[in-house]
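**Student:** Structure: work10.txt, compact mmCIF, C-alpha atoms.
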# COMPACT_ATOMS: atom_id res chain seq x y z
CA MET A 1 -225.48 -183.58 119.42
CA THR A 2 -221.90 -184.68 118.80
CA ALA A 3 -220.65 -181.09 118.91
CA THR A 4 -222.63 -180.43 122.11
CA ILE A 5 -220.74 -183.23 123.83
CA ALA A 6 -217.35 -182.85 122.16
CA LEU A 7 -216.82 -179.08 122.45
CA PRO A 8 -217.13 -178.87 126.27
CA LEU A 9 -214.80 -181.87 126.62
CA LEU A 10 -212.27 -180.21 124.31
CA ILE A 11 -212.47 -176.95 126.29
CA LEU A 12 -211.92 -178.83 129.55
CA LEU A 13 -208.92 -180.67 128.11
CA LEU A 14 -207.34 -177.49 126.79
CA GLY A 15 -208.14 -175.33 129.77
CA TYR A 16 -207.55 -177.63 132.71
CA ALA A 17 -205.79 -180.86 131.73
CA SER A 18 -202.09 -181.20 132.51
CA PRO A 19 -199.66 -181.57 129.59
CA ALA A 20 -199.39 -185.30 130.39
CA VAL A 21 -203.16 -185.85 130.20
CA PHE A 22 -203.34 -183.69 127.09
CA SER A 23 -200.59 -185.77 125.47
CA VAL A 24 -202.59 -188.96 126.09
CA PHE A 25 -205.55 -187.39 124.32
CA LEU A 26 -203.39 -186.28 121.37
CA THR A 27 -201.72 -189.70 121.14
CA ILE A 28 -205.09 -191.42 120.87
CA VAL A 29 -206.32 -188.92 118.27
CA LEU A 30 -203.15 -189.30 116.21
CA PHE A 31 -203.27 -193.11 116.41
CA LEU A 32 -206.91 -193.21 115.25
CA SER A 33 -206.18 -190.67 112.51
CA LEU A 34 -203.34 -192.79 111.13
CA ILE A 35 -205.53 -195.90 111.10
CA GLU A 36 -208.24 -193.90 109.35
CA PHE A 37 -205.80 -192.41 106.84
CA ASN A 38 -204.47 -195.81 105.80
CA ARG A 39 -207.87 -197.50 105.65
CA MET A 40 -209.17 -194.67 103.51
CA SER A 41 -206.93 -195.92 100.71
CA LEU A 42 -205.96 -199.50 101.62
CA GLY A 43 -209.13 -200.76 103.26
CA ASP A 44 -208.42 -203.79 105.41
CA GLU A 45 -205.37 -204.81 103.38
CA HIS A 46 -201.97 -204.78 105.09
CA GLY A 47 -203.53 -204.59 108.54
CA LEU A 48 -200.29 -205.41 110.35
CA GLU A 49 -198.41 -202.75 108.43
CA GLN A 50 -201.14 -200.20 109.19
CA TRP A 51 -201.01 -200.92 112.92
CA LEU A 52 -197.22 -200.67 112.93
CA ALA A 53 -197.34 -197.29 111.21
CA ALA A 54 -200.09 -196.00 113.53
CA ILE A 55 -198.19 -197.00 116.68
CA SER A 56 -194.91 -195.53 115.44
CA GLY A 57 -196.52 -192.28 114.32
CA ALA A 58 -198.53 -191.81 117.53
CA ALA A 59 -195.36 -192.34 119.61
CA VAL A 60 -194.12 -188.93 118.44
CA ILE A 61 -196.44 -187.16 120.91
CA PRO A 62 -195.04 -188.65 124.15
CA MET A 63 -191.53 -188.21 122.75
CA LEU A 64 -192.14 -184.48 122.47
CA LEU A 65 -193.72 -184.30 125.92
CA TYR A 66 -190.70 -185.87 127.62
CA GLY A 67 -188.06 -184.27 125.40
CA ASN A 68 -186.95 -187.51 123.74
CA ILE A 69 -187.12 -186.22 120.19
CA ALA A 70 -183.69 -187.76 119.49
CA LEU A 71 -185.46 -191.13 119.52
CA LEU A 72 -187.50 -190.14 116.49
CA LEU A 73 -184.74 -191.03 114.02
CA PRO A 74 -184.18 -194.60 115.29
CA LEU A 75 -187.96 -195.09 115.66
CA TYR A 76 -188.66 -194.12 112.06
CA THR A 77 -185.61 -196.02 110.83
CA ALA A 78 -186.81 -199.21 112.51
CA THR A 79 -190.34 -198.62 111.26
CA MET A 80 -189.18 -198.16 107.68
CA ILE A 81 -187.08 -201.33 107.77
CA LEU A 82 -189.94 -203.35 109.30
CA LEU A 83 -192.41 -202.05 106.73
CA ALA A 84 -190.02 -202.96 103.93
CA ILE A 85 -189.58 -206.49 105.32
CA LEU A 86 -193.34 -206.96 105.80
CA PHE A 87 -194.04 -205.90 102.22
CA LEU A 88 -191.21 -208.08 100.98
CA PHE A 89 -192.47 -211.27 102.59
CA ARG A 90 -196.23 -210.51 102.53
CA LEU A 91 -196.02 -209.79 98.84
CA PRO A 92 -199.03 -208.06 97.28
CA GLU A 93 -199.38 -207.59 93.56
CA LEU A 94 -196.00 -206.28 92.40
CA THR A 95 -197.38 -203.38 90.39
CA VAL A 96 -199.00 -201.77 93.46
CA VAL A 97 -196.22 -202.21 96.03
CA HIS A 98 -194.86 -198.71 95.53
CA TYR A 99 -198.33 -197.18 95.78
CA ARG A 100 -199.39 -199.02 98.95
CA LEU A 101 -196.07 -198.66 100.76
CA GLY A 102 -195.81 -195.04 99.64
CA TRP A 103 -199.26 -194.28 101.04
CA ILE A 104 -198.33 -195.64 104.47
CA VAL A 105 -195.07 -193.66 104.48
CA LEU A 106 -196.96 -190.51 103.43
CA GLY A 107 -199.18 -190.96 106.47
CA LEU A 108 -196.12 -191.22 108.73
CA VAL A 109 -194.95 -187.81 107.51
CA TYR A 110 -198.19 -185.95 106.87
CA LEU A 111 -199.95 -186.60 110.17
CA PRO A 112 -197.32 -186.96 112.96
CA PHE A 113 -195.06 -184.16 111.73
CA LEU A 114 -197.86 -181.63 111.37
CA PHE A 115 -200.18 -182.69 114.20
CA SER A 116 -197.39 -182.99 116.79
CA HIS A 117 -196.94 -179.20 116.72
CA LEU A 118 -200.09 -179.06 118.84
CA MET A 119 -198.17 -180.77 121.66
CA LEU A 120 -195.27 -178.34 121.25
CA LEU A 121 -197.70 -175.45 121.32
CA ARG A 122 -199.33 -176.71 124.53
CA LEU A 123 -195.92 -176.75 126.25
CA LEU A 124 -195.36 -173.02 125.65
CA PRO A 125 -196.13 -170.69 128.60
CA GLU A 126 -199.15 -169.18 126.78
CA GLY A 127 -199.72 -172.22 124.61
CA ARG A 128 -203.32 -172.75 125.65
CA GLN A 129 -204.30 -169.25 124.56
CA TRP A 130 -202.68 -169.77 121.16
CA ILE A 131 -204.46 -173.12 120.76
CA PHE A 132 -207.83 -171.56 121.61
CA MET A 133 -207.07 -168.74 119.17
CA THR A 134 -206.35 -171.20 116.36
CA LEU A 135 -209.49 -173.23 117.01
CA ILE A 136 -211.71 -170.15 117.16
CA VAL A 137 -210.24 -168.61 114.00
CA ILE A 138 -210.46 -171.83 111.99
CA MET A 139 -213.99 -172.66 113.17
CA SER A 140 -215.08 -169.13 112.28
CA CYS A 141 -213.38 -169.43 108.89
CA ASP A 142 -215.13 -172.74 108.17
CA SER A 143 -218.53 -171.43 109.29
CA PHE A 144 -218.35 -168.18 107.32
CA ALA A 145 -217.05 -170.01 104.24
CA TYR A 146 -219.96 -172.44 104.41
CA PHE A 147 -222.76 -169.92 104.92
CA VAL A 148 -221.39 -167.25 102.57
CA GLY A 149 -220.76 -169.91 99.95
CA ARG A 150 -224.30 -171.26 100.31
CA ARG A 151 -225.84 -167.79 100.04
CA PHE A 152 -223.61 -165.98 97.55
CA GLY A 153 -221.38 -168.64 95.97
CA GLN A 154 -221.21 -168.46 92.16
CA ARG A 155 -217.65 -169.07 91.01
CA LYS A 156 -216.11 -172.45 91.75
CA LEU A 157 -212.89 -172.29 93.73
CA TYR A 158 -211.29 -175.60 92.68
CA PRO A 159 -213.94 -177.91 91.18
CA ALA A 160 -211.51 -180.70 90.31
CA VAL A 161 -210.77 -181.21 94.00
CA SER A 162 -213.79 -179.81 95.86
CA PRO A 163 -216.80 -179.11 93.62
CA ASN A 164 -218.88 -177.38 96.32
CA LYS A 165 -216.35 -174.74 97.38
CA THR A 166 -216.64 -171.28 95.85
CA VAL A 167 -214.47 -168.18 95.60
CA GLU A 168 -217.12 -166.22 97.48
CA GLY A 169 -217.13 -168.81 100.25
CA GLY A 170 -213.35 -168.67 100.50
CA LEU A 171 -213.41 -164.88 100.83
CA GLY A 172 -216.17 -165.17 103.42
CA GLY A 173 -213.96 -167.56 105.36
CA LEU A 174 -211.14 -165.00 105.40
CA PHE A 175 -213.54 -162.35 106.69
CA GLY A 176 -214.69 -164.74 109.41
CA SER A 177 -211.07 -165.41 110.37
CA VAL A 178 -210.34 -161.70 110.84
CA LEU A 179 -213.55 -161.15 112.79
CA ALA A 180 -212.76 -164.02 115.14
CA MET A 181 -209.19 -162.81 115.61
CA MET A 182 -210.40 -159.39 116.72
CA VAL A 183 -212.57 -161.06 119.36
CA VAL A 184 -209.58 -163.11 120.51
CA LYS A 185 -207.23 -160.11 120.55
CA PHE A 186 -209.52 -158.06 122.79
CA THR A 187 -210.42 -160.91 125.16
CA PHE A 188 -207.58 -163.26 126.03
CA LEU A 189 -204.62 -162.60 123.69
CA PRO A 190 -203.79 -158.87 124.09
CA ALA A 191 -200.16 -159.40 123.06
CA LEU A 192 -201.31 -159.34 119.45
CA GLY A 193 -201.47 -155.96 117.77
CA VAL A 194 -204.40 -155.20 115.47
CA VAL A 195 -202.25 -155.27 112.32
CA ASP A 196 -200.50 -158.45 113.46
CA GLY A 197 -203.86 -159.99 114.28
CA VAL A 198 -205.28 -159.25 110.84
CA PHE A 199 -202.16 -160.65 109.15
CA ILE A 200 -202.20 -163.85 111.24
CA ALA A 201 -205.93 -164.29 110.74
CA LEU A 202 -205.59 -164.03 106.95
CA LEU A 203 -202.59 -166.36 106.99
CA LEU A 204 -204.46 -168.97 109.05
CA GLY A 205 -207.58 -168.55 106.93
CA VAL A 206 -205.64 -169.24 103.74
CA LEU A 207 -203.66 -172.14 105.23
CA GLY A 208 -206.77 -173.66 106.78
CA GLN A 209 -208.56 -173.68 103.45
CA LEU A 210 -205.50 -175.11 101.71
CA GLY A 211 -205.36 -177.88 104.33
CA ASP A 212 -209.03 -178.59 103.69
CA LEU A 213 -208.42 -178.73 99.93
CA PHE A 214 -205.42 -181.04 100.35
CA GLU A 215 -207.47 -183.53 102.35
CA SER A 216 -210.23 -183.26 99.72
CA LEU A 217 -207.59 -184.11 97.12
CA LEU A 218 -206.62 -187.25 99.06
CA LYS A 219 -210.27 -188.26 99.52
CA ARG A 220 -211.03 -187.85 95.82
CA ALA A 221 -207.94 -189.89 94.99
CA CYS A 222 -209.32 -192.62 97.27
CA GLN A 223 -212.86 -192.13 95.91
CA VAL A 224 -214.43 -191.60 99.34
CA LYS A 225 -216.75 -188.85 100.57
CA ASP A 226 -215.53 -188.81 104.17
CA SER A 227 -212.23 -189.99 105.60
CA GLY A 228 -214.15 -192.15 108.11
CA ASN A 229 -217.24 -192.29 110.28
CA ILE A 230 -215.84 -192.28 113.81
CA ILE A 231 -217.49 -188.94 114.67
CA PRO A 232 -221.29 -189.17 114.24
CA GLY A 233 -222.53 -186.43 111.95
CA HIS A 234 -219.02 -185.12 111.27
CA GLY A 235 -217.31 -187.90 109.32
CA GLY A 236 -213.83 -188.97 110.32
CA MET A 237 -210.96 -187.59 112.37
CA LEU A 238 -209.24 -186.18 109.30
CA ASP A 239 -212.40 -184.35 108.29
CA ARG A 240 -212.11 -182.37 111.55
CA LEU A 241 -208.32 -181.99 111.51
CA ASP A 242 -207.63 -181.10 107.88
CA SER A 243 -207.56 -177.31 108.33
CA LEU A 244 -205.75 -177.52 111.66
CA LEU A 245 -202.91 -179.67 110.33
CA PHE A 246 -201.68 -176.78 108.18
CA THR A 247 -202.23 -174.08 110.81
CA PHE A 248 -200.90 -175.46 114.11
CA PRO A 249 -197.26 -175.60 112.90
CA VAL A 250 -197.38 -171.96 111.76
CA VAL A 251 -199.01 -170.85 115.03
CA TYR A 252 -196.36 -172.68 117.04
CA TYR A 253 -193.47 -170.95 115.27
CA LEU A 254 -195.18 -167.57 115.47
CA ALA A 255 -195.88 -168.00 119.19
CA ARG A 256 -192.38 -169.21 119.99
CA TYR A 257 -190.18 -167.04 117.82
CA CYS A 258 -192.23 -163.89 117.19
CA TYR A 259 -194.03 -163.50 120.51
CA GLY A 260 -191.52 -164.85 123.00
CA GLY A 261 -193.03 -168.32 123.46
Go through the file and emit its structure as structure tokens.
**Tutor:**
Amino acid sequence: MTATIALPLLILLLGYASPAVFSVFLTIVLFLSLIEFNRMSLGDEHGLEQWLAAISGAAVIPMLLYGNIALLLPLYTATMILLAILFLFRLPELTVVHYRLGWIVLGLVYLPFLFSHLMLLRLLPEGRQWIFMTLIVIMSCDSFAYFVGRRFGQRKLYPAVSPNKTVEGGLGGLFGSVLAMMVVKFTFLPALGVVDGVFIALLLGVLGQLGDLFESLLKRACQVKDSGNIIPGHGGMLDRLDSLLFTFPVVYYLARYCYGG
């Protein structure tokens, strides 16, 4: 039911919303993801610090939209100083300061720097096509990995991080990526050659699965099953974004520098 509602809304946003409206959507998603990321590890502790980090990180999206990226350095400088002062005078247990502060700073790098490439991609002349391509390839990769893994999975891929993933499922995901890319190439992205399409599909399939594994690593470190519960039936924001965080930056640089942006 959630997917039935969310997918048409996402298609409308990508296909018809202006860059300004799209940036509002991305800003909200990034803000909620940062809150979720910090609560996954810190719970309700350091609420003020978590809100400060979420606001600062989400501000990257409108900066990119309006070409004010030069403000990123003073924004992050001010944020770092304020976080240091807050931790200094709202002193938690001394032996965990580095861990808690480090987690918040990790979120400020991991999410805004990777996710903001989606805004940059949308601003390219054919950005919407590349975004649709990425979503279709990654969704196909995830679906094939799941069903192939359920049916044929025998050898564990990385049990210490994600016990349910299998080598067979991972290979199935790569096959699904290539299959989806061929559909994309012959429908709305003809600029891609067949060989290029296969290479990009495999690259995105590998990166998407690595992004998924990295988020699984963080969740296991925090001893949680899902990053959150904001999306009914699908867990948290990060559970939906994990694969995309590693793929959107690569797609942006490919689209801009290899295919003329």
**Student:** Rounded to one decimal in Å, what is the spacing between atom CA of Gly169 of chain A and atom CA of Gly153 of chain A?
**Tutor:**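 Here the two named atoms are 6.0 Å from each other.
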**Student:** Mind checking which residues fall within 12 Å of Pro190 of chain A, counting all atoms listed in the file, ignoring those fewer than 3 positions away in the same chain, and posting them as a list in words?
**Tutor:** Glu126, Gln129, Trp130, Met133, Met181, Met182, Val183, Val184, Lys185, Phe186, Thr187, Gly193, Val194, Asp196, Gly197 and Tyr259 of chain A
**Student:** Check the smallest atom-to-atom distance from each of A:Leu244, A:Leu217, A:Leu118, A:Met63 to Cys141 of chain A using all atoms listed in the file, then report the winner.
**Tutor:**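 Using all atoms listed in the file, Cys141 of chain A sits closest to A:Leu244.
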**Student:** Measure the distance from atom CA of Leu120 of chain A to atom CA of Leu241 of chain A in Å and round it to one decimal.
**Tutor:**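 Value for the atom CA of Leu120 of chain A-atom CA of Leu241 of chain A distance: 16.7 Å.
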**Student:** A:Ile138, A:Leu64, A:Met237, A:Ile200: which is nearest Ile28 of chain A, counting only C-alpha atoms?
**Tutor:**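 Closest to Ile28 of chain A, using only C-alpha atoms: A:Met237.
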**Student:** Find the axis-aligned box for segment 136-152 of chain A, covering all its listed atoms and adding 8 Å on each side, and write its centre and edge lengths in Å to one decimal as JSON.
**Tutor:**
{"center_x": -218.0, "center_y": -169.4, "center_z": 107.4, "size_x": 31.6, "size_y": 22.8, "size_z": 35.6}
**Student:** Would you list the contacts of segment 98-114 of chain A as a PDB file with C-alpha atoms, keeping the file's coordinate frame, taking every protein, DNA or RNA residue within 10 Å and counting only C-alpha atoms, but skipping same-chain residues closer than 6 positions in sequence?
**Tutor:**
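Saved the output as around-v4.pdb:
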ATOM      1  CA  THR A  27    -201.720-189.700 121.140  1.00  0.00           C
ATOM      2  CA  LEU A  30    -203.150-189.300 116.210  1.00  0.00           C
ATOM      3  CA  PHE A  31    -203.270-193.110 116.410  1.00  0.00           C
ATOM      4  CA  SER A  33    -206.180-190.670 112.510  1.00  0.00           C
ATOM      5  CA  LEU A  34    -203.340-192.790 111.130  1.00  0.00           C
ATOM      6  CA  ILE A  35    -205.530-195.900 111.100  1.00  0.00           C
ATOM      7  CA  GLU A  36    -208.240-193.900 109.350  1.00  0.00           C
ATOM      8  CA  PHE A  37    -205.800-192.410 106.840  1.00  0.00           C
ATOM      9  CA  ASN A  38    -204.470-195.810 105.800  1.00  0.00           C
ATOM     10  CA  ARG A  39    -207.870-197.500 105.650  1.00  0.00           C
ATOM     11  CA  SER A  41    -206.930-195.920 100.710  1.00  0.00           C
ATOM     12  CA  LEU A  42    -205.960-199.500 101.620  1.00  0.00           C
ATOM     13  CA  GLU A  45    -205.370-204.810 103.380  1.00  0.00           C
ATOM     14  CA  HIS A  46    -201.970-204.780 105.090  1.00  0.00           C
ATOM     15  CA  GLU A  49    -198.410-202.750 108.430  1.00  0.00           C
ATOM     16  CA  GLN A  50    -201.140-200.200 109.190  1.00  0.00           C
ATOM     17  CA  LEU A  52    -197.220-200.670 112.930  1.00  0.00           C
ATOM     18  CA  ALA A  53    -197.340-197.290 111.210  1.00  0.00           C
ATOM     19  CA  ALA A  54    -200.090-196.000 113.530  1.00  0.00           C
ATOM     20  CA  SER A  56    -194.910-195.530 115.440  1.00  0.00           C
ATOM     21  CA  GLY A  57    -196.520-192.280 114.320  1.00  0.00           C
ATOM     22  CA  ALA A  58    -198.530-191.810 117.530  1.00  0.00           C
ATOM     23  CA  ALA A  59    -195.360-192.340 119.610  1.00  0.00           C
ATOM     24  CA  VAL A  60    -194.120-188.930 118.440  1.00  0.00           C
ATOM     25  CA  ILE A  61    -196.440-187.160 120.910  1.00  0.00           C
ATOM     26  CA  TYR A  76    -188.660-194.120 112.060  1.00  0.00           C
ATOM     27  CA  THR A  79    -190.340-198.620 111.260  1.00  0.00           C
ATOM     28  CA  MET A  80    -189.180-198.160 107.680  1.00  0.00           C
ATOM     29  CA  LEU A  83    -192.410-202.050 106.730  1.00  0.00           C
ATOM     30  CA  ALA A  84    -190.020-202.960 103.930  1.00  0.00           C
ATOM     31  CA  PHE A  87    -194.040-205.900 102.220  1.00  0.00           C
ATOM     32  CA  PRO A  92    -199.030-208.060  97.280  1.00  0.00           C
ATOM     33  CA  LEU A 238    -209.240-186.180 109.300  1.00  0.00           C
ATOM     34  CA  LEU A 241    -208.320-181.990 111.510  1.00  0.00           C
ATOM     35  CA  ASP A 242    -207.630-181.100 107.880  1.00  0.00           C
ATOM     36  CA  LEU A 244    -205.750-177.520 111.660  1.00  0.00           C
ATOM     37  CA  LEU A 245    -202.910-179.670 110.330  1.00  0.00           C
ATOM     38  CA  PHE A 246    -201.680-176.780 108.180  1.00  0.00           C
ATOM     39  CA  THR A 247    -202.230-174.080 110.810  1.00  0.00           C
ATOM     40  CA  PHE A 248    -200.900-175.460 114.110  1.00  0.00           C
ATOM     41  CA  PRO A 249    -197.260-175.600 112.900  1.00  0.00           C
ATOM     42  CA  VAL A 250    -197.380-171.960 111.760  1.00  0.00           C
TER      43      VAL A 250
END
